[in-house]
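Student: Sending over a structure as structure tokens; questions will come in a sec.
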Amino acid sequence: MSALRPETVSVHTGNEADPATGAVAPPIHLATTFRHGPAGERVAGYEYQREGNPTNDRLREALAALEGGAEAATFASGMAAMTTLLECLPNGARVLIPDDCYTGLRMLCAEYLPERGIEAVMVDMGDLDAVRAACAQPTAMVWIETPSNPRMKISDIAALARIGHAAGAVVVADNTFATPLLQRPLALGADVVMHSTTKYFGGHSDVLGGALVFAEQGALSAKVAHRLHITGATLAPFSAWLILRGCRSLGARMAMHCANARAVAAFLAEQPQVERVNYPGLASHPGHAVAARQMRDFGGMLSIEVHGGREAALALASKVRIFTLATSLGGCESLIEHRASVEGPNPRSPQNLLRMSVGLEHVDDLIEDLRQALA
Ligand code: PLP
């Protein structure tokens with residue numbers, strides 16, 4: 001049989017029937033501690049929930065299979081995953097991060113990494129010459145986020161992996177926006193994939209989680225696993241179970257998110273009030289060719305920049321009826337937000353930018369909603 005396709009993997013891997021009962025839905029193991037022998041001998045491989053538990057292990061297996069990795073670690077949030085990985089860098093290390101990226105990464109790099117002498121340098125990851133030049137100095141890690149949050153910039157994962165590896169750097173890709181259903185960074189050369197599983201994996205805006213998937217089992221994955229065990233940013237079993245449940249419908253949901261976002265982007269691109277639509281599926285997007293090469297489809301996220309600045313953006317946001325004004329992404333419901341307003345004290349997003357997570361409603365209703373809000 002040929003290798004199973006991602007949609008099939010997402011339904012089955014980690015979701016095998018419970019061997020003890022035959023239950024088709026996996027059990028949730030809430031135990032914090034596991035019986036052991038007189039000298040601490042493990043009975044079934046487990047000791048204490050913070051170190052590992054069966055529900056988390058099912059999710060780890062699913063994530064590793066979906067990303068094509070050797071091993072996965074799960075965390076209490078995407079930020080916990082990111083922090084644990086960055087904490088594994090030696091003091092004084094230098095990392096490259098995208099000039100457009102999730103604001104939490106930017107704040108982590110600005111507020112906490114300097115305490116350990118770690119320098120984060122912002123680079124336009126779409127400009128390979130700029131990345132090559134930045135890699136001329138010692139570089140421990142190259143952090144990729146494509147499509148990026150919130151401007152949907154595209155970077156060439158394979159090219160960046162080659163440049164990063166030539167400099168001896170670990171190459172990490174935040175694959176939250178795309179999910180492995182649309183993009184597989186490890187197959188393109190990245191060493192580690194990071195996820196906020198809060199988003200498309202969870203899929204229903206009701207669970208917080210994060211993950212790292214490693215191309216290889218080795219010193220870095222072992223360091224991360226040990227650090228997670230000791231520092232304790234463990235994913236709760238109930239959360240692991242919800243994310244595992246989300247995996248089962250991930251393929252179907254991503255297909256509809258992509259179809260809806262494509263139609264919404266096409267509609268918005270024709271509206272005179274809209275100065276720019278940032279959606280990599282549009283042929284006019286500067287990263288379209290790279291995205292078409294490295295993604296199966298273009299995802300459910302987009303942002304727009306409107307004529308009339310902040311006031312026009314806020315006016316539009318205040319008129320939508322089906323889109324909900326809220327941060328986050330990847331749930332069934334469509335969300336819209338004025339990014340600059342939620343990015344903390346030093347926002348980088350343009351004041352006229354609105355980010356949208358296009359949900360699973362009927363696309364005609366979404367377009368009608370935007371049409372009336374723009375009117
Ligand atoms: N990475 C991206 C691209 C995100 O959008 C987010 C959250 O919005 C995160 C990471 C952080 O994840 P979490 O909110 O689960 O900590």
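Letters A, B, ... mark the chains of the structure tokens in the order given; residue numbers begin at 1 per chain; ligand numbers begin at 1, in order shown.
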Which residues are near ligand 1 - at most 7 Å, using only C-alpha atoms and all ligand atoms? Format: as a list of chain:residue names.

Tutor: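 Final answer, ordered by chain and number: A:Ser77, A:Gly78, A:Met79, A:Ala80, A:Cys101, A:Tyr102, A:Gly104, A:Glu145, A:Ser148, A:Asn149, A:Asp174, A:Thr176, A:Phe177, A:His195, A:Ser196, A:Thr197, A:Thr198, A:Leu208, A:Gly209, A:Gly210, A:Ser328.
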
Student: How would the residues just chosen look if you wrote them out with N, CA, C and O atoms as a PDB file, in the first residue's frame?

Tutor:
ATOM      1  N   SER A  77       0.953  25.423  25.842  1.00  0.00           N
ATOM      2  CA  SER A  77       0.549  26.457  24.878  1.00  0.00           C
ATOM      3  C   SER A  77       1.614  26.544  23.789  1.00  0.00           C
ATOM      4  O   SER A  77       2.717  25.997  23.952  1.00  0.00           O
ATOM      5  N   GLY A  78       1.289  27.253  22.740  1.00  0.00           N
ATOM      6  CA  GLY A  78       2.292  27.481  21.692  1.00  0.00           C
ATOM      7  C   GLY A  78       3.469  28.254  22.251  1.00  0.00           C
ATOM      8  O   GLY A  78       4.629  27.968  21.935  1.00  0.00           O
ATOM      9  N   MET A  79       3.185  29.249  23.100  1.00  0.00           N
ATOM     10  CA  MET A  79       4.267  30.044  23.683  1.00  0.00           C
ATOM     11  C   MET A  79       5.176  29.193  24.563  1.00  0.00           C
ATOM     12  O   MET A  79       6.383  29.423  24.633  1.00  0.00           O
ATOM     13  N   ALA A  80       4.589  28.208  25.256  1.00  0.00           N
ATOM     14  CA  ALA A  80       5.407  27.327  26.101  1.00  0.00           C
ATOM     15  C   ALA A  80       6.347  26.492  25.222  1.00  0.00           C
ATOM     16  O   ALA A  80       7.511  26.266  25.578  1.00  0.00           O
ATOM     17  N   CYS A 101       6.122  38.504  12.331  1.00  0.00           N
ATOM     18  CA  CYS A 101       5.924  37.230  13.050  1.00  0.00           C
ATOM     19  C   CYS A 101       4.936  37.430  14.183  1.00  0.00           C
ATOM     20  O   CYS A 101       4.582  38.571  14.523  1.00  0.00           O
ATOM     21  N   TYR A 102       4.510  36.313  14.773  1.00  0.00           N
ATOM     22  CA  TYR A 102       3.588  36.389  15.890  1.00  0.00           C
ATOM     23  C   TYR A 102       4.192  37.280  16.979  1.00  0.00           C
ATOM     24  O   TYR A 102       5.357  37.124  17.353  1.00  0.00           O
ATOM     25  N   GLY A 104       4.007  37.376  20.087  1.00  0.00           N
ATOM     26  CA  GLY A 104       4.551  36.710  21.282  1.00  0.00           C
ATOM     27  C   GLY A 104       6.016  36.356  21.105  1.00  0.00           C
ATOM     28  O   GLY A 104       6.823  36.477  22.045  1.00  0.00           O
ATOM     29  N   GLU A 145       8.518  31.736   9.876  1.00  0.00           N
ATOM     30  CA  GLU A 145       7.062  31.682  10.076  1.00  0.00           C
ATOM     31  C   GLU A 145       6.446  31.993   8.712  1.00  0.00           C
ATOM     32  O   GLU A 145       6.546  33.121   8.239  1.00  0.00           O
ATOM     33  N   SER A 148       3.253  34.325   7.410  1.00  0.00           N
ATOM     34  CA  SER A 148       3.568  35.007   8.666  1.00  0.00           C
ATOM     35  C   SER A 148       2.349  35.757   9.192  1.00  0.00           C
ATOM     36  O   SER A 148       1.424  36.086   8.452  1.00  0.00           O
ATOM     37  N   ASN A 149       2.423  36.027  10.476  1.00  0.00           N
ATOM     38  CA  ASN A 149       1.332  36.647  11.210  1.00  0.00           C
ATOM     39  C   ASN A 149       1.698  38.095  11.494  1.00  0.00           C
ATOM     40  O   ASN A 149       2.690  38.324  12.197  1.00  0.00           O
ATOM     41  N   ASP A 174       7.562  27.796  12.321  1.00  0.00           N
ATOM     42  CA  ASP A 174       6.243  27.864  12.959  1.00  0.00           C
ATOM     43  C   ASP A 174       5.228  27.560  11.858  1.00  0.00           C
ATOM     44  O   ASP A 174       5.055  28.339  10.915  1.00  0.00           O
ATOM     45  N   THR A 176       1.964  26.991  12.275  1.00  0.00           N
ATOM     46  CA  THR A 176       0.617  27.142  12.841  1.00  0.00           C
ATOM     47  C   THR A 176      -0.418  27.521  11.782  1.00  0.00           C
ATOM     48  O   THR A 176      -1.509  26.956  11.737  1.00  0.00           O
ATOM     49  N   PHE A 177      -0.081  28.487  10.930  1.00  0.00           N
ATOM     50  CA  PHE A 177      -1.069  28.970   9.947  1.00  0.00           C
ATOM     51  C   PHE A 177      -1.362  27.906   8.889  1.00  0.00           C
ATOM     52  O   PHE A 177      -2.490  27.789   8.428  1.00  0.00           O
ATOM     53  N   HIS A 195       4.185  24.417  16.643  1.00  0.00           N
ATOM     54  CA  HIS A 195       2.752  24.686  16.454  1.00  0.00           C
ATOM     55  C   HIS A 195       2.132  25.319  17.676  1.00  0.00           C
ATOM     56  O   HIS A 195       2.441  24.921  18.805  1.00  0.00           O
ATOM     57  N   SER A 196       1.238  26.248  17.440  1.00  0.00           N
ATOM     58  CA  SER A 196       0.231  26.548  18.442  1.00  0.00           C
ATOM     59  C   SER A 196      -0.933  25.627  18.080  1.00  0.00           C
ATOM     60  O   SER A 196      -1.667  25.883  17.114  1.00  0.00           O
ATOM     61  N   THR A 197      -1.091  24.540  18.845  1.00  0.00           N
ATOM     62  CA  THR A 197      -2.196  23.602  18.556  1.00  0.00           C
ATOM     63  C   THR A 197      -3.528  24.166  19.048  1.00  0.00           C
ATOM     64  O   THR A 197      -4.577  23.561  18.842  1.00  0.00           O
ATOM     65  N   THR A 198      -3.450  25.334  19.684  1.00  0.00           N
ATOM     66  CA  THR A 198      -4.637  26.110  20.064  1.00  0.00           C
ATOM     67  C   THR A 198      -5.479  26.441  18.837  1.00  0.00           C
ATOM     68  O   THR A 198      -6.690  26.656  18.953  1.00  0.00           O
ATOM     69  N   LEU A 208      -6.101  25.230  24.685  1.00  0.00           N
ATOM     70  CA  LEU A 208      -4.790  25.854  24.489  1.00  0.00           C
ATOM     71  C   LEU A 208      -3.734  24.749  24.448  1.00  0.00           C
ATOM     72  O   LEU A 208      -3.771  23.830  25.274  1.00  0.00           O
ATOM     73  N   GLY A 209      -2.819  24.833  23.510  1.00  0.00           N
ATOM     74  CA  GLY A 209      -1.762  23.826  23.456  1.00  0.00           C
ATOM     75  C   GLY A 209      -0.670  24.229  22.479  1.00  0.00           C
ATOM     76  O   GLY A 209      -0.842  25.130  21.657  1.00  0.00           O
ATOM     77  N   GLY A 210       0.457  23.551  22.593  1.00  0.00           N
ATOM     78  CA  GLY A 210       1.573  23.818  21.686  1.00  0.00           C
ATOM     79  C   GLY A 210       2.340  22.544  21.423  1.00  0.00           C
ATOM     80  O   GLY A 210       2.173  21.545  22.139  1.00  0.00           O
ATOM     81  N   SER A 328      -6.984  35.413  18.032  1.00  0.00           N
ATOM     82  CA  SER A 328      -6.803  33.983  17.765  1.00  0.00           C
ATOM     83  C   SER A 328      -7.324  33.612  16.374  1.00  0.00           C
ATOM     84  O   SER A 328      -7.738  34.476  15.587  1.00  0.00           O
TER      85      SER A 328
END

Student: As a ChimeraX atom specification, list the residues of region 198-242 of chain A assigned to helix (DSSP H, G or I) by DSSP on the backbone atoms of this structure.

Tutor: /A:219-231,237-242

Student: Give me, as an MDAnalysis selection string, all polymer residues having an atom no more than 12 Å from region 23-40 of chain A, counting only C-alpha atoms and skipping those fewer than 5 positions away in the same chain.

Tutor: chainID A and resid 11:18 45:59 234:245 248

Student: When you look at Ala3 (chain A) with a cut-off of 12 Å (counting only C-alpha atoms), what residues show up, excluding the ones that are within fewer than 5 positions of it in the same chain? I need them as an NGL selection string.

Tutor: :A and (8-9 or 65-66 or 68)

Student: Just checking: using only C-alpha atoms, which residue out of A:Leu268, A:Val172, A:Leu113, A:Ala72 ends up closest to Gly92 (chain A)?

Tutor: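 Closest to Gly92 (chain A) of all the choices is A:Leu113.
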
Student: Using DSSP assignments from the backbone, pull out every residue in region 103-242 of chain A that falls under strand (DSSP E) and give it to me as a PDB file with C-alpha atoms, in the first residue's frame.

Tutor:
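Result file is states-v8.pdb:
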ATOM      1  CA  GLU A 119      20.321  38.355  20.613  1.00  0.00           C
ATOM      2  CA  ALA A 120      17.401  38.091  18.196  1.00  0.00           C
ATOM      3  CA  VAL A 121      17.920  39.810  14.866  1.00  0.00           C
ATOM      4  CA  MET A 122      14.882  40.607  12.727  1.00  0.00           C
ATOM      5  CA  VAL A 123      15.295  39.788   9.054  1.00  0.00           C
ATOM      6  CA  MET A 141      18.902  29.363  15.032  1.00  0.00           C
ATOM      7  CA  VAL A 142      16.893  30.551  12.037  1.00  0.00           C
ATOM      8  CA  TRP A 143      13.200  30.959  12.900  1.00  0.00           C
ATOM      9  CA  ILE A 144      10.760  30.812   9.999  1.00  0.00           C
ATOM     10  CA  GLU A 145       7.062  31.682  10.076  1.00  0.00           C
ATOM     11  CA  VAL A 170      19.045  24.943  13.704  1.00  0.00           C
ATOM     12  CA  VAL A 171      16.168  25.773  11.370  1.00  0.00           C
ATOM     13  CA  VAL A 172      12.731  26.052  12.978  1.00  0.00           C
ATOM     14  CA  ALA A 173       9.412  26.674  11.230  1.00  0.00           C
ATOM     15  CA  ASP A 174       6.243  27.864  12.959  1.00  0.00           C
ATOM     16  CA  VAL A 192      11.991  21.517  13.976  1.00  0.00           C
ATOM     17  CA  VAL A 193       8.342  22.431  13.414  1.00  0.00           C
ATOM     18  CA  MET A 194       6.544  24.492  16.031  1.00  0.00           C
ATOM     19  CA  HIS A 195       2.752  24.686  16.454  1.00  0.00           C
ATOM     20  CA  SER A 196       0.231  26.548  18.442  1.00  0.00           C
ATOM     21  CA  GLY A 210       1.573  23.818  21.686  1.00  0.00           C
ATOM     22  CA  ALA A 211       3.934  21.357  20.061  1.00  0.00           C
ATOM     23  CA  LEU A 212       7.408  20.841  18.662  1.00  0.00           C
ATOM     24  CA  VAL A 213       8.083  18.159  16.071  1.00  0.00           C
ATOM     25  CA  PHE A 214      11.687  17.127  15.415  1.00  0.00           C
TER      26      PHE A 214
END

Student: Env of Thr139 (chain A): 6 Å cut, atoms = only C-alpha atoms, seq-sep filter 5 positions within chain, self excluded. Answer as an mmCIF file with N, CA and C atoms, in the first residue's frame.

Tutor:
data_model
loop_
_atom_site.group_PDB
_atom_site.id
_atom_site.type_symbol
_atom_site.label_atom_id
_atom_site.label_comp_id
_atom_site.auth_asym_id
_atom_site.auth_seq_id
_atom_site.Cartn_x
_atom_site.Cartn_y
_atom_site.Cartn_z
ATOM 1 N N ARG A 94 22.917 33.772 19.070
ATOM 2 C CA ARG A 94 22.284 34.767 18.193
ATOM 3 C C ARG A 94 21.262 34.036 17.326
ATOM 4 N N VAL A 95 20.046 34.566 17.250
ATOM 5 C CA VAL A 95 19.000 33.914 16.438
ATOM 6 C C VAL A 95 18.428 34.909 15.439
ATOM 7 N N ALA A 169 23.227 26.597 11.736
ATOM 8 C CA ALA A 169 22.077 26.940 12.580
ATOM 9 C C ALA A 169 21.018 25.837 12.579
#

Student: Report, in Å with one decimal, the straight-line distance from CA of Ala313 (chain A) to CA of Gln351 (chain A).

Tutor: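 Result for CA of Ala313 (chain A) versus CA of Gln351 (chain A): 7.7 Å, one decimal.
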
Student: Quote the spacing between CA of Met152 (chain A) and CA of Ala289 (chain A) in Å to one decimal place.

Tutor: 13.7 Å

Student: In Å, with one decimal, what is the gap from CA of Ile367 (chain A) to CA of Asp206 (chain A)?

Tutor: 25.6 Å

Student: Using only C-alpha atoms, which protein or nucleic acid residues come within 10 Å of region 275-279 of chain A? Drop anything in the same chain fewer than 4 positions from it, and give the result as a ChimeraX atom specification.

Tutor: /A:147,150-154,261-262,264-271,283-288,298-308,352-355
